[in-house]
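Trainee: Got a file for you: work_29.cif, mmCIF, C-alpha atoms.
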```
data_data
#
loop_
_atom_site.label_atom_id
_atom_site.label_comp_id
_atom_site.auth_asym_id
_atom_site.auth_seq_id
_atom_site.Cartn_x
_atom_site.Cartn_y
_atom_site.Cartn_z
CA MET A 5 11.83 -45.21 -52.84
CA TYR A 6 10.64 -42.75 -55.49
CA ASP A 7 12.45 -39.44 -55.64
CA GLY A 8 14.78 -40.57 -52.84
CA GLY A 9 17.34 -37.90 -53.67
CA LYS A 10 14.88 -35.06 -53.39
CA ILE A 11 13.40 -36.38 -50.15
CA ILE A 12 16.76 -36.83 -48.50
CA ALA A 13 17.96 -33.43 -49.68
CA GLY A 14 14.74 -31.88 -48.38
CA LEU A 15 15.13 -33.62 -45.04
CA LEU A 16 18.70 -32.40 -44.78
CA ILE A 17 17.72 -28.82 -45.55
CA GLY A 18 14.90 -29.08 -43.03
CA LEU A 19 17.25 -30.44 -40.39
CA VAL A 20 19.73 -27.64 -40.97
CA LEU A 21 16.98 -25.01 -40.71
CA LEU A 22 15.56 -26.57 -37.56
CA THR A 23 18.89 -26.64 -35.78
CA PHE A 24 19.96 -23.25 -37.12
CA PRO A 25 19.45 -21.39 -33.80
CA PHE A 26 21.63 -23.89 -31.99
CA TRP A 27 24.73 -23.80 -34.16
CA TYR A 28 24.34 -20.12 -35.05
CA ASN A 29 24.53 -19.16 -31.40
CA LEU A 30 27.23 -21.72 -30.59
CA GLY A 31 29.84 -20.27 -28.27
CA LYS A 32 27.97 -17.00 -27.95
CA ALA A 33 26.31 -17.71 -24.60
CA ALA A 34 25.04 -14.53 -22.98
CA LYS A 35 27.20 -13.39 -20.08
CA LEU A 36 25.99 -14.52 -16.70
CA PRO A 37 24.60 -11.63 -14.72
CA GLU A 38 26.86 -10.19 -12.04
CA PRO A 39 24.77 -8.20 -9.62
CA LYS A 40 27.13 -5.83 -7.85
CA LEU A 41 26.80 -5.32 -4.13
CA ALA A 42 26.90 -1.67 -3.22
CA PRO A 43 29.42 -0.67 -0.52
CA GLU A 44 26.52 -0.15 1.89
CA ALA A 45 25.43 -3.75 1.36
CA GLN A 46 28.95 -5.10 1.78
CA LYS A 47 29.30 -3.22 5.03
CA ALA A 48 26.05 -4.69 6.35
CA LYS A 49 27.49 -8.19 5.71
CA GLN A 50 24.13 -9.96 5.96
CA CYS A 51 20.79 -9.53 4.27
CA VAL A 52 17.37 -10.38 5.64
CA GLU A 53 18.02 -14.05 4.94
CA SER A 54 21.03 -15.96 3.59
CA LYS A 55 22.43 -14.90 0.22
CA GLU A 56 21.28 -18.11 -1.47
CA TYR A 57 17.79 -17.83 -0.02
CA MET A 58 17.48 -14.20 -1.08
CA ALA A 59 18.65 -14.95 -4.61
CA ALA A 60 16.03 -17.66 -4.98
CA HIS A 61 13.16 -16.32 -2.90
CA HIS A 62 13.39 -12.50 -2.60
CA MET A 63 10.24 -12.17 -4.69
CA GLN A 64 8.26 -14.34 -2.29
CA ILE A 65 9.58 -12.36 0.68
CA LEU A 66 8.65 -9.05 -0.96
CA ASN A 67 5.25 -10.39 -1.89
CA LYS A 68 4.60 -11.47 1.68
CA TRP A 69 5.96 -8.23 3.09
CA ARG A 70 3.62 -6.10 1.05
CA ASP A 71 0.59 -7.97 2.39
CA ASP A 72 1.96 -8.06 5.93
CA VAL A 73 2.62 -4.32 5.93
CA VAL A 74 -0.40 -3.01 4.06
CA ARG A 75 -3.06 -5.41 5.22
CA LYS A 76 -1.86 -6.75 8.58
CA ARG A 77 0.10 -3.75 9.86
CA TYR A 78 3.26 -5.74 10.56
CA ARG A 79 6.30 -3.55 10.18
CA ILE A 80 9.22 -5.48 11.60
CA TYR A 81 10.72 -8.65 10.18
CA ILE A 82 12.99 -10.85 12.25
CA GLY A 83 15.66 -11.97 9.85
CA LEU A 84 18.80 -14.05 9.97
CA ASN A 85 20.45 -14.17 13.41
CA GLY A 86 17.43 -12.47 14.98
CA LYS A 87 18.24 -9.12 13.38
CA GLU A 88 15.21 -6.86 12.96
CA PHE A 89 14.36 -5.22 9.67
CA ASN A 90 11.90 -2.52 8.70
CA MET A 91 9.72 -4.19 6.08
CA SER A 92 10.04 -1.57 3.38
CA LEU A 93 11.45 -1.79 -0.13
CA GLN A 94 12.23 1.91 -0.41
CA ASN A 95 13.26 2.54 3.19
CA GLU A 96 15.13 -0.67 3.94
CA CYS A 97 16.10 -2.86 0.95
CA MET A 98 17.24 0.06 -1.17
CA LYS A 99 19.19 1.64 1.68
CA CYS A 100 21.76 -1.16 1.22
CA HIS A 101 21.14 -2.10 -2.39
CA THR A 102 21.51 1.49 -3.45
CA SER A 103 21.65 0.98 -7.19
CA LYS A 104 18.81 -0.64 -9.05
CA LYS A 105 20.86 -0.68 -12.25
CA GLU A 106 23.86 -2.45 -10.79
CA PHE A 107 21.92 -4.87 -8.64
CA CYS A 108 18.25 -5.60 -9.42
CA ASP A 109 18.40 -5.04 -13.17
CA GLN A 110 21.39 -7.32 -13.69
CA CYS A 111 19.47 -10.56 -13.17
CA HIS A 112 16.05 -9.23 -14.11
CA ASN A 113 17.30 -8.27 -17.57
CA PHE A 114 19.14 -11.58 -17.98
CA VAL A 115 16.04 -13.67 -17.33
CA ASP A 116 13.83 -11.03 -18.98
CA VAL A 117 11.45 -10.43 -16.10
CA LYS A 118 9.92 -7.01 -15.64
CA PRO A 119 8.74 -6.67 -12.06
CA TYR A 120 6.37 -3.72 -11.78
CA CYS A 121 7.59 -2.71 -8.31
CA TRP A 122 9.28 0.33 -9.82
CA GLU A 123 6.20 1.73 -11.44
CA CYS A 124 5.32 3.06 -8.00
CA HIS A 125 8.26 2.47 -5.68
CA LEU A 126 11.05 4.94 -6.20
CA GLU A 127 14.60 3.81 -6.79
CA PRO A 128 17.33 5.67 -4.93
CA LYS A 129 18.15 9.01 -6.54
CA GLU A 130 21.95 8.66 -6.49
CA ALA A 131 21.80 5.93 -9.10
CA LYS A 132 19.91 8.18 -11.51
CA GLU A 133 22.14 11.21 -11.11
CA GLY A 134 25.26 9.15 -11.70
CA LYS A 135 24.33 8.54 -15.33
CA MET B 22 1.11 -63.65 16.13
CA GLY B 23 -2.45 -63.71 14.98
CA MET B 24 -4.68 -60.67 15.25
CA ASP B 25 -8.25 -61.06 16.28
CA ARG B 26 -10.98 -58.65 15.37
CA ARG B 27 -11.03 -57.01 18.80
CA ARG B 28 -7.34 -56.18 18.68
CA PHE B 29 -7.58 -54.86 15.13
CA ILE B 30 -10.41 -52.48 16.05
CA LYS B 31 -8.47 -51.20 19.07
CA ILE B 32 -5.40 -50.38 17.00
CA ALA B 33 -7.51 -48.79 14.26
CA GLY B 34 -9.28 -46.63 16.84
CA VAL B 35 -6.04 -45.35 18.34
CA SER B 36 -4.66 -44.63 14.88
CA ILE B 37 -7.68 -42.55 13.95
CA MET B 38 -7.33 -40.60 17.20
CA GLY B 39 -3.83 -39.74 16.08
CA LEU B 40 -5.31 -37.88 13.12
CA SER B 41 -6.82 -35.36 15.51
CA LEU B 42 -3.30 -34.08 16.13
CA LYS B 43 -3.04 -32.90 12.53
CA PRO B 44 -4.70 -29.49 12.99
CA ALA B 45 -2.37 -28.76 15.90
CA VAL B 46 0.69 -29.75 13.88
CA ASP B 47 -0.52 -27.65 10.95
CA LEU B 48 -0.98 -24.65 13.22
CA VAL B 49 2.54 -24.91 14.58
CA ASP B 50 3.88 -25.19 11.02
CA LYS B 51 1.94 -22.14 9.96
CA LEU B 52 3.09 -20.04 12.88
CA ASP B 53 6.63 -21.13 12.27
CA ALA B 54 6.38 -20.16 8.61
CA SER B 55 4.95 -16.68 8.90
CA GLU B 56 3.51 -14.93 11.92
CA VAL B 57 6.38 -15.62 14.28
CA ARG B 58 8.82 -13.84 11.97
CA VAL B 59 6.95 -10.55 11.82
CA LEU B 60 6.10 -8.00 14.51
CA HIS B 61 4.05 -4.86 14.83
CA ASN B 62 6.03 -1.74 15.49
CA PRO B 63 5.79 -1.33 19.28
CA LYS B 64 5.49 2.44 18.80
CA ALA B 65 2.35 2.13 16.65
CA LEU B 66 -0.57 4.28 17.78
CA LYS B 67 -3.47 2.18 18.98
CA GLY B 68 -7.02 3.27 18.38
CA LYS B 69 -10.46 1.77 17.99
CA ARG B 70 -11.99 4.44 15.79
CA TRP B 71 -9.77 7.15 14.38
CA ALA B 72 -11.41 10.47 13.62
CA MET B 73 -10.45 13.95 12.48
CA ILE B 74 -11.84 17.26 13.66
CA VAL B 75 -11.46 20.33 11.45
CA ASP B 76 -11.80 23.61 13.28
CA THR B 77 -13.12 25.83 10.48
CA ARG B 78 -12.88 28.91 12.72
CA LYS B 79 -9.12 28.57 12.58
CA CYS B 80 -9.13 27.72 8.88
CA ALA B 81 -10.96 30.99 8.21
CA GLN B 82 -7.89 32.91 9.35
CA CYS B 83 -5.45 31.07 7.10
CA LYS B 84 -4.52 32.15 3.60
CA ARG B 85 -2.31 29.25 2.60
CA CYS B 86 -2.95 25.71 3.82
CA THR B 87 0.32 24.16 4.90
CA ALA B 88 -1.48 20.92 5.73
CA ILE B 89 -2.50 20.35 2.11
CA GLU B 90 0.98 21.22 0.88
CA ALA B 91 2.66 18.91 3.38
CA CYS B 92 0.31 16.01 2.62
CA HIS B 93 0.67 16.26 -1.12
CA HIS B 94 4.43 16.58 -0.91
CA PHE B 95 4.84 13.71 1.55
CA HIS B 96 2.63 11.32 -0.41
CA ASN B 97 4.00 12.24 -3.82
CA VAL B 98 0.64 13.49 -5.01
CA PRO B 99 1.06 14.93 -8.52
CA GLN B 100 -0.05 18.49 -9.30
CA ILE B 101 -2.06 18.05 -12.49
CA PRO B 102 -3.60 21.33 -13.69
CA ASP B 103 -6.47 19.72 -15.66
CA PRO B 104 -9.34 19.52 -13.12
CA LYS B 105 -10.73 16.44 -14.88
CA ARG B 106 -7.53 14.54 -14.22
CA GLU B 107 -6.32 16.11 -11.00
CA ILE B 108 -5.33 13.99 -8.00
CA LYS B 109 -6.14 15.12 -4.48
CA TRP B 110 -5.97 13.59 -1.05
CA ILE B 111 -6.95 16.66 0.94
CA TRP B 112 -8.27 19.84 -0.55
CA GLU B 113 -10.08 23.09 0.13
CA ASP B 114 -13.58 23.85 -1.08
CA SER B 115 -16.50 26.18 -0.49
CA PHE B 116 -19.38 25.69 1.95
CA GLU B 117 -21.82 24.96 -0.92
CA HIS B 118 -19.62 22.17 -2.20
CA ALA B 119 -18.81 20.73 1.21
CA PHE B 120 -22.40 20.77 2.51
CA PRO B 121 -24.63 21.04 -0.57
CA GLU B 122 -27.72 19.80 1.26
CA LEU B 123 -27.36 22.54 3.88
CA ALA B 124 -26.55 25.23 1.36
CA THR B 125 -29.54 24.53 -0.87
CA ARG B 126 -32.19 23.85 1.74
CA GLY B 127 -32.65 27.54 2.38
CA GLU B 128 -33.88 27.00 5.92
CA GLU B 129 -30.35 27.02 7.21
CA GLN B 130 -29.62 29.45 10.00
CA LEU B 131 -25.87 29.50 9.48
CA SER B 132 -24.38 32.93 9.32
CA GLU B 133 -22.85 34.32 6.13
CA ASN B 134 -19.52 34.40 7.90
CA ILE B 135 -19.55 30.61 8.20
CA LYS B 136 -20.56 30.13 4.60
CA LYS B 137 -17.58 32.14 3.44
CA ARG B 138 -15.04 29.98 5.25
CA PRO B 139 -12.80 27.57 3.42
CA PHE B 140 -13.49 23.91 4.24
CA ILE B 141 -10.71 21.36 4.28
CA LEU B 142 -12.03 18.15 2.79
CA MET B 143 -10.57 14.66 2.73
CA CYS B 144 -11.62 11.04 2.88
CA ASN B 145 -14.16 10.66 5.68
CA HIS B 146 -13.04 7.16 6.66
CA CYS B 147 -16.68 6.13 6.95
CA GLU B 148 -17.88 3.68 9.49
CA HIS B 149 -19.84 1.94 6.72
CA PRO B 150 -17.71 2.75 3.71
CA PRO B 151 -19.54 2.25 0.41
CA CYS B 152 -16.22 2.12 -1.46
CA VAL B 153 -15.22 -0.99 0.48
CA ARG B 154 -18.50 -2.69 -0.34
CA VAL B 155 -18.14 -2.22 -4.07
CA CYS B 156 -14.43 -2.96 -4.47
CA PRO B 157 -14.24 -6.21 -6.43
CA THR B 158 -10.68 -7.06 -5.40
CA GLN B 159 -10.75 -5.91 -1.77
CA ALA B 160 -8.05 -3.42 -2.67
CA THR B 161 -10.00 -0.93 -0.57
CA PHE B 162 -10.60 -2.31 2.88
CA GLN B 163 -11.36 -1.14 6.38
CA ARG B 164 -8.83 -1.70 9.10
CA GLU B 165 -9.80 -2.65 12.63
CA ASP B 166 -9.08 0.91 13.76
CA GLY B 167 -11.57 2.29 11.24
CA ILE B 168 -9.14 3.57 8.62
CA VAL B 169 -10.39 2.97 5.10
CA MET B 170 -7.25 2.03 3.31
CA MET B 171 -6.12 1.12 -0.17
CA ASP B 172 -3.85 -1.71 -1.15
CA MET B 173 -2.42 -0.28 -4.35
CA HIS B 174 -1.00 -3.67 -5.25
CA ARG B 175 -4.50 -4.98 -5.74
CA CYS B 176 -6.26 -2.02 -7.38
CA ILE B 177 -7.34 -2.84 -10.93
CA GLY B 178 -8.61 0.66 -11.66
CA CYS B 179 -12.27 -0.23 -12.15
CA ARG B 180 -13.35 3.01 -10.40
CA PHE B 181 -16.41 1.44 -8.74
CA CYS B 182 -15.18 3.06 -5.52
CA MET B 183 -15.21 6.48 -7.14
CA ALA B 184 -18.82 5.99 -8.15
CA ALA B 185 -19.69 4.75 -4.66
CA CYS B 186 -17.99 7.51 -2.68
CA PRO B 187 -20.47 10.34 -1.98
CA TYR B 188 -17.66 12.74 -1.07
CA GLY B 189 -15.52 12.76 -4.20
CA SER B 190 -12.59 11.74 -2.05
CA ARG B 191 -11.06 9.50 -4.65
CA SER B 192 -8.94 10.34 -7.65
CA PHE B 193 -8.05 8.17 -10.61
CA ASN B 194 -4.64 8.17 -12.24
CA TRP B 195 -5.44 8.77 -15.89
CA MET B 196 -1.73 8.94 -16.71
CA ASP B 197 1.68 8.34 -15.24
CA PRO B 198 1.76 10.77 -12.30
CA ARG B 199 5.55 11.02 -12.05
CA PRO B 200 6.12 13.89 -14.50
CA TYR B 201 3.72 15.99 -12.40
CA ILE B 202 5.52 15.48 -9.10
CA LYS B 203 7.76 18.47 -8.55
CA LYS B 204 9.94 17.01 -5.85
CA GLU B 205 9.67 13.34 -5.05
CA ASN B 206 9.69 12.20 -1.46
CA PRO B 207 12.06 9.19 -1.55
CA GLU B 208 10.46 7.74 1.58
CA TYR B 209 7.08 7.16 -0.03
CA PRO B 210 6.06 5.49 -3.27
CA THR B 211 4.27 7.21 -6.11
CA ARG B 212 1.28 5.66 -7.81
CA THR B 213 1.04 4.33 -11.33
CA LYS B 214 -1.30 4.88 -14.24
CA GLY B 215 -4.62 3.12 -13.73
CA VAL B 216 -5.05 3.08 -9.95
CA VAL B 217 -7.35 5.04 -7.67
CA GLU B 218 -5.94 6.86 -4.67
CA LYS B 219 -7.12 8.83 -1.66
CA CYS B 220 -6.27 9.95 1.86
CA ASP B 221 -5.52 7.05 4.21
CA PHE B 222 -5.20 9.04 7.47
CA CYS B 223 -1.45 8.38 7.12
CA ALA B 224 -1.91 4.76 8.12
CA GLU B 225 1.79 4.07 7.62
CA ARG B 226 2.69 6.91 9.99
CA ILE B 227 0.19 5.75 12.61
CA ASP B 228 1.73 2.29 12.46
CA GLN B 229 5.06 3.91 13.31
CA GLY B 230 3.72 6.01 16.14
CA LEU B 231 3.36 9.30 14.26
CA LEU B 232 0.35 11.57 13.73
CA PRO B 233 -0.98 12.21 10.23
CA ILE B 234 1.26 14.60 8.32
CA CYS B 235 -1.52 17.20 7.84
CA VAL B 236 -2.11 17.40 11.58
CA GLU B 237 1.58 17.87 12.14
CA ALA B 238 1.92 20.48 9.39
CA CYS B 239 -1.15 22.62 10.18
CA LYS B 240 0.23 25.87 11.52
CA SER B 241 -2.95 27.02 13.25
CA LYS B 242 -3.66 23.63 14.86
CA ALA B 243 -7.02 23.45 13.12
CA LEU B 244 -6.79 19.71 12.58
CA ILE B 245 -7.23 17.43 15.57
CA PHE B 246 -6.77 13.71 15.19
CA GLY B 247 -7.66 11.11 17.77
CA ASP B 248 -9.47 7.99 18.86
CA LEU B 249 -13.24 8.15 19.29
CA GLY B 250 -13.12 4.72 20.91
CA ASP B 251 -11.32 6.18 23.90
CA PRO B 252 -13.85 8.10 26.06
CA ASN B 253 -11.11 10.30 27.50
CA SER B 254 -9.52 11.28 24.22
CA GLU B 255 -9.11 14.88 23.12
CA VAL B 256 -11.39 14.38 20.11
CA ASN B 257 -14.22 13.11 22.30
CA ARG B 258 -13.80 16.06 24.63
CA ILE B 259 -13.87 18.55 21.76
CA LEU B 260 -16.92 16.90 20.19
CA LYS B 261 -18.76 17.22 23.51
CA GLU B 262 -17.97 20.91 23.77
CA HIS B 263 -18.64 22.05 20.21
CA PHE B 264 -21.34 21.90 17.59
CA THR B 265 -19.98 20.02 14.63
CA LEU B 266 -21.14 19.11 11.15
CA ARG B 267 -20.40 15.98 9.22
CA ARG B 268 -20.61 15.83 5.45
CA LYS B 269 -23.75 14.09 4.17
CA ALA B 270 -24.22 12.21 7.44
CA GLU B 271 -27.83 11.52 6.43
CA LEU B 272 -26.59 8.99 3.87
CA GLY B 273 -25.68 6.66 6.70
CA THR B 274 -22.06 6.16 5.80
CA GLY B 275 -20.94 7.33 9.23
CA PRO B 276 -18.29 9.87 8.19
CA GLN B 277 -15.50 10.36 10.72
CA VAL B 278 -14.38 13.87 9.80
CA TYR B 279 -16.10 16.49 11.96
CA TYR B 280 -16.28 20.21 11.21
CA ILE B 281 -16.47 22.70 14.06
CA ILE B 282 -18.42 25.74 12.85
#
```
Take the structure I supplied and represent it as structure tokens, if you would.
Mentor:
Amino acid sequence: MYDGGKIIAGLLIGLVLLTFPFWYNLGKAAKLPEPKLAPEAQKAKQCVESKEYMAAHHMQILNKWRDDVVRKRYRIYIGLNGKEFNMSLQNECMKCHTSKKEFCDQCHNFVDVKPYCWECHLEPKEAKEGK
Amino acid sequence: MGMDRRRFIKIAGVSIMGLSLKPAVDLVDKLDASEVRVLHNPKALKGKRWAMIVDTRKCAQCKRCTAIEACHHFHNVPQIPDPKREIKWIWEDSFEHAFPELATRGEEQLSENIKKRPFILMCNHCEHPPCVRVCPTQATFQREDGIVMMDMHRCIGCRFCMAACPYGSRSFNWMDPRPYIKKENPEYPTRTKGVVEKCDFCAERIDQGLLPICVEACKSKALIFGDLGDPNSEVNRILKEHFTLRRKAELGTGPQVYYII
């Protein structure tokens, strides 16, 4: 092999550069998000669906709700254990999950999603004044 | 056990018949997945053809319109001073602007007193709404009860509807409206930059059994809301007893806001 030393050295440097992000960030894993349940939510004990289902599918539920409410005039959702809910982000969801910062934003920031719900829908005032 | 041709065809036939069950199974699945879990509010007002009557005789005696104030506060409508960018759901204008074809024709026998009155204008919730026809995303649509409504989630801000509407009932959000909302109503969303908005006859209140907020807020009871599809309704009775005008009815849009003069 001609110039074997140079090639191998080059490969090594290349390998180090390629893997740089992995070993540079070793042991510095970002903290897992911890969405905090507001006291109102803890008191209610149950959400529209099970906790696991809500964590995984709340966006689908909200997406369906907005069509059901605006376009089909449905207003009431029969949730877990037959409990009825007013299908409204501002007037139902946020009555329990009173702080967007402590609840919604925790996971949304972690996975870097920016849902545009809040461009129109208002978050509860208390959360803002607390800052 | 051998199978002859006759037996094979019999079994195949029965199997194919089984396929006819599929639509029924699908339907049950679909119901299970969505419709069964949601209900209409039992208190919702039911109507076939909602309409509004504005009694301009009563408006003439008012100095300050509480209906406009209540509507704009309830729906978080921003107060933008620049008339080119202003947002309005319900507003007051002169006779010439409300009925330009009557005002310019010259043959009109209306008294000066009528022409001096303020006219409360809003979306006419047309029977044949041109805005619905032009909307490319079906963000503007007509409900079964006649309300011309907007699904803000779908609006892309193309403003075709604004060009189509002959009444100027629609406003475009040229900028973030939130800084221009004095006191936000936490029960109702705001809008965002880049969507069109207008009066929706308080569809969300109707679906919860309440009258439109302007009707509730009008101190002199000049706004009457009701169902034209019901022959015994108050609006039908009033329309039979009074001479009313509709804005640009000759265009064929079938406006559903009537003005008693």
Trainee: Compute the set of chain B residues within 10 Å of chain A, using all atoms listed in the file, and express it as a PyMOL selection string.
Mentor: chain B and resi 55-63+65+160+162-165+170-174+197-199+205-214+224-225+227-229
Trainee: Could you write out as a ChimeraX atom specification the residues that the PyMOL selection byres ((chain B and resi 98-115) around 6) matches in the shown file?
Mentor: /B:89,93,96-97,116-118,139-143,192,198,201-202,219-220
Trainee: Just give me the gap between CA of Lys67 (chain B) and CA of Met98 (chain A) in Å, one decimal is fine.
Mentor: 29.0 Å
Trainee: Tell me which residues come within 12 Å of (-16.6, -2.2, -1.1), as a PyMOL selection string, counting all atoms listed in the file in the file's coordinates.
Mentor: chain B and resi 147+149-163+169-171+180-186
Trainee: Can you work out which one of A:Thr23, A:Gly9, A:Gly18, A:Cys51 has the shortest atom-to-atom distance to Lys87 (chain A), counting all atoms listed in the file?
Mentor: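 Of A:Thr23, A:Gly9, A:Gly18, A:Cys51, the one nearest Lys87 (chain A) is A:Cys51, counting all atoms listed in the file.
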Trainee: When you look at Ala33 (chain A) with a cut-off of 12 Å (counting all atoms listed in the file), what residues show up, excluding the ones that are within fewer than 6 positions of it in the same chain? I need them as a short mmCIF file (atom, residue, chain, number, x, y, z; two decimals) with C-alpha atoms, keeping the file's coordinate frame.
Mentor:
```cif
data_model
loop_
_atom_site.label_atom_id
_atom_site.label_comp_id
_atom_site.auth_asym_id
_atom_site.auth_seq_id
_atom_site.Cartn_x
_atom_site.Cartn_y
_atom_site.Cartn_z
CA PHE A 26 21.63 -23.89 -31.99
CA TRP A 27 24.73 -23.80 -34.16
CA PHE A 114 19.14 -11.58 -17.98
#
```
Trainee: Determine the axis-aligned bounding box of all atoms of region 233-251 of chain B present in the file, pad each side by 8 Å, and express its centre and edge lengths in Å to one decimal place as JSON.
Mentor:
```
{"center_x": -5.7, "center_y": 15.9, "center_z": 15.9, "size_x": 31.2, "size_y": 38.3, "size_z": 32.1}
```
Trainee: What does the distance from CA of Asp251 (chain B) to CA of Ile282 (chain B) come to in Å, to one decimal?
Mentor: 23.6 Å
Trainee: Could you jot down the CA of Gly273 (chain B) to CA of Gly167 (chain B) separation for me, Å, one decimal place?
Mentor: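 These atoms are spaced 15.5 Å apart.
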Trainee: Which residues are close to Phe107 (chain A), i.e. within 9 Å by all atoms listed in the file, leaving aside same-chain residues fewer than 6 positions away? Reply as a PDB file with C-alpha atoms, in the coordinates of the input.
Mentor:
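File part_0.pdb, as written:
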```pdb
ATOM      1  CA  GLU A  38      26.860 -10.190 -12.040  1.00  0.00           C
ATOM      2  CA  PRO A  39      24.770  -8.200  -9.620  1.00  0.00           C
ATOM      3  CA  LYS A  40      27.130  -5.830  -7.850  1.00  0.00           C
ATOM      4  CA  LEU A  41      26.800  -5.320  -4.130  1.00  0.00           C
ATOM      5  CA  ALA A  42      26.900  -1.670  -3.220  1.00  0.00           C
ATOM      6  CA  HIS A 101      21.140  -2.100  -2.390  1.00  0.00           C
TER       7      HIS A 101
END
```
Trainee: Counting only C-alpha atoms, write as a PDB file with C-alpha atoms, keeping the file's coordinate frame all protein and nucleic acid residues lying at most 10 Å from (-9.9, 10.9, 10.2) in the file's frame.
Mentor:
```
ATOM      1  CA  ARG B  70     -11.990   4.440  15.790  1.00  0.00           C
ATOM      2  CA  TRP B  71      -9.770   7.150  14.380  1.00  0.00           C
ATOM      3  CA  ALA B  72     -11.410  10.470  13.620  1.00  0.00           C
ATOM      4  CA  MET B  73     -10.450  13.950  12.480  1.00  0.00           C
ATOM      5  CA  ILE B  74     -11.840  17.260  13.660  1.00  0.00           C
ATOM      6  CA  VAL B  75     -11.460  20.330  11.450  1.00  0.00           C
ATOM      7  CA  MET B 143     -10.570  14.660   2.730  1.00  0.00           C
ATOM      8  CA  CYS B 144     -11.620  11.040   2.880  1.00  0.00           C
ATOM      9  CA  ASN B 145     -14.160  10.660   5.680  1.00  0.00           C
ATOM     10  CA  HIS B 146     -13.040   7.160   6.660  1.00  0.00           C
ATOM     11  CA  CYS B 147     -16.680   6.130   6.950  1.00  0.00           C
ATOM     12  CA  GLY B 167     -11.570   2.290  11.240  1.00  0.00           C
ATOM     13  CA  ILE B 168      -9.140   3.570   8.620  1.00  0.00           C
ATOM     14  CA  VAL B 169     -10.390   2.970   5.100  1.00  0.00           C
ATOM     15  CA  CYS B 220      -6.270   9.950   1.860  1.00  0.00           C
ATOM     16  CA  ASP B 221      -5.520   7.050   4.210  1.00  0.00           C
ATOM     17  CA  PHE B 222      -5.200   9.040   7.470  1.00  0.00           C
ATOM     18  CA  CYS B 223      -1.450   8.380   7.120  1.00  0.00           C
ATOM     19  CA  PRO B 233      -0.980  12.210  10.230  1.00  0.00           C
ATOM     20  CA  LEU B 244      -6.790  19.710  12.580  1.00  0.00           C
ATOM     21  CA  ILE B 245      -7.230  17.430  15.570  1.00  0.00           C
ATOM     22  CA  PHE B 246      -6.770  13.710  15.190  1.00  0.00           C
ATOM     23  CA  GLY B 247      -7.660  11.110  17.770  1.00  0.00           C
ATOM     24  CA  ASP B 248      -9.470   7.990  18.860  1.00  0.00           C
ATOM     25  CA  PRO B 276     -18.290   9.870   8.190  1.00  0.00           C
ATOM     26  CA  GLN B 277     -15.500  10.360  10.720  1.00  0.00           C
ATOM     27  CA  VAL B 278     -14.380  13.870   9.800  1.00  0.00           C
ATOM     28  CA  TYR B 279     -16.100  16.490  11.960  1.00  0.00           C
TER      29      TYR B 279
END
```
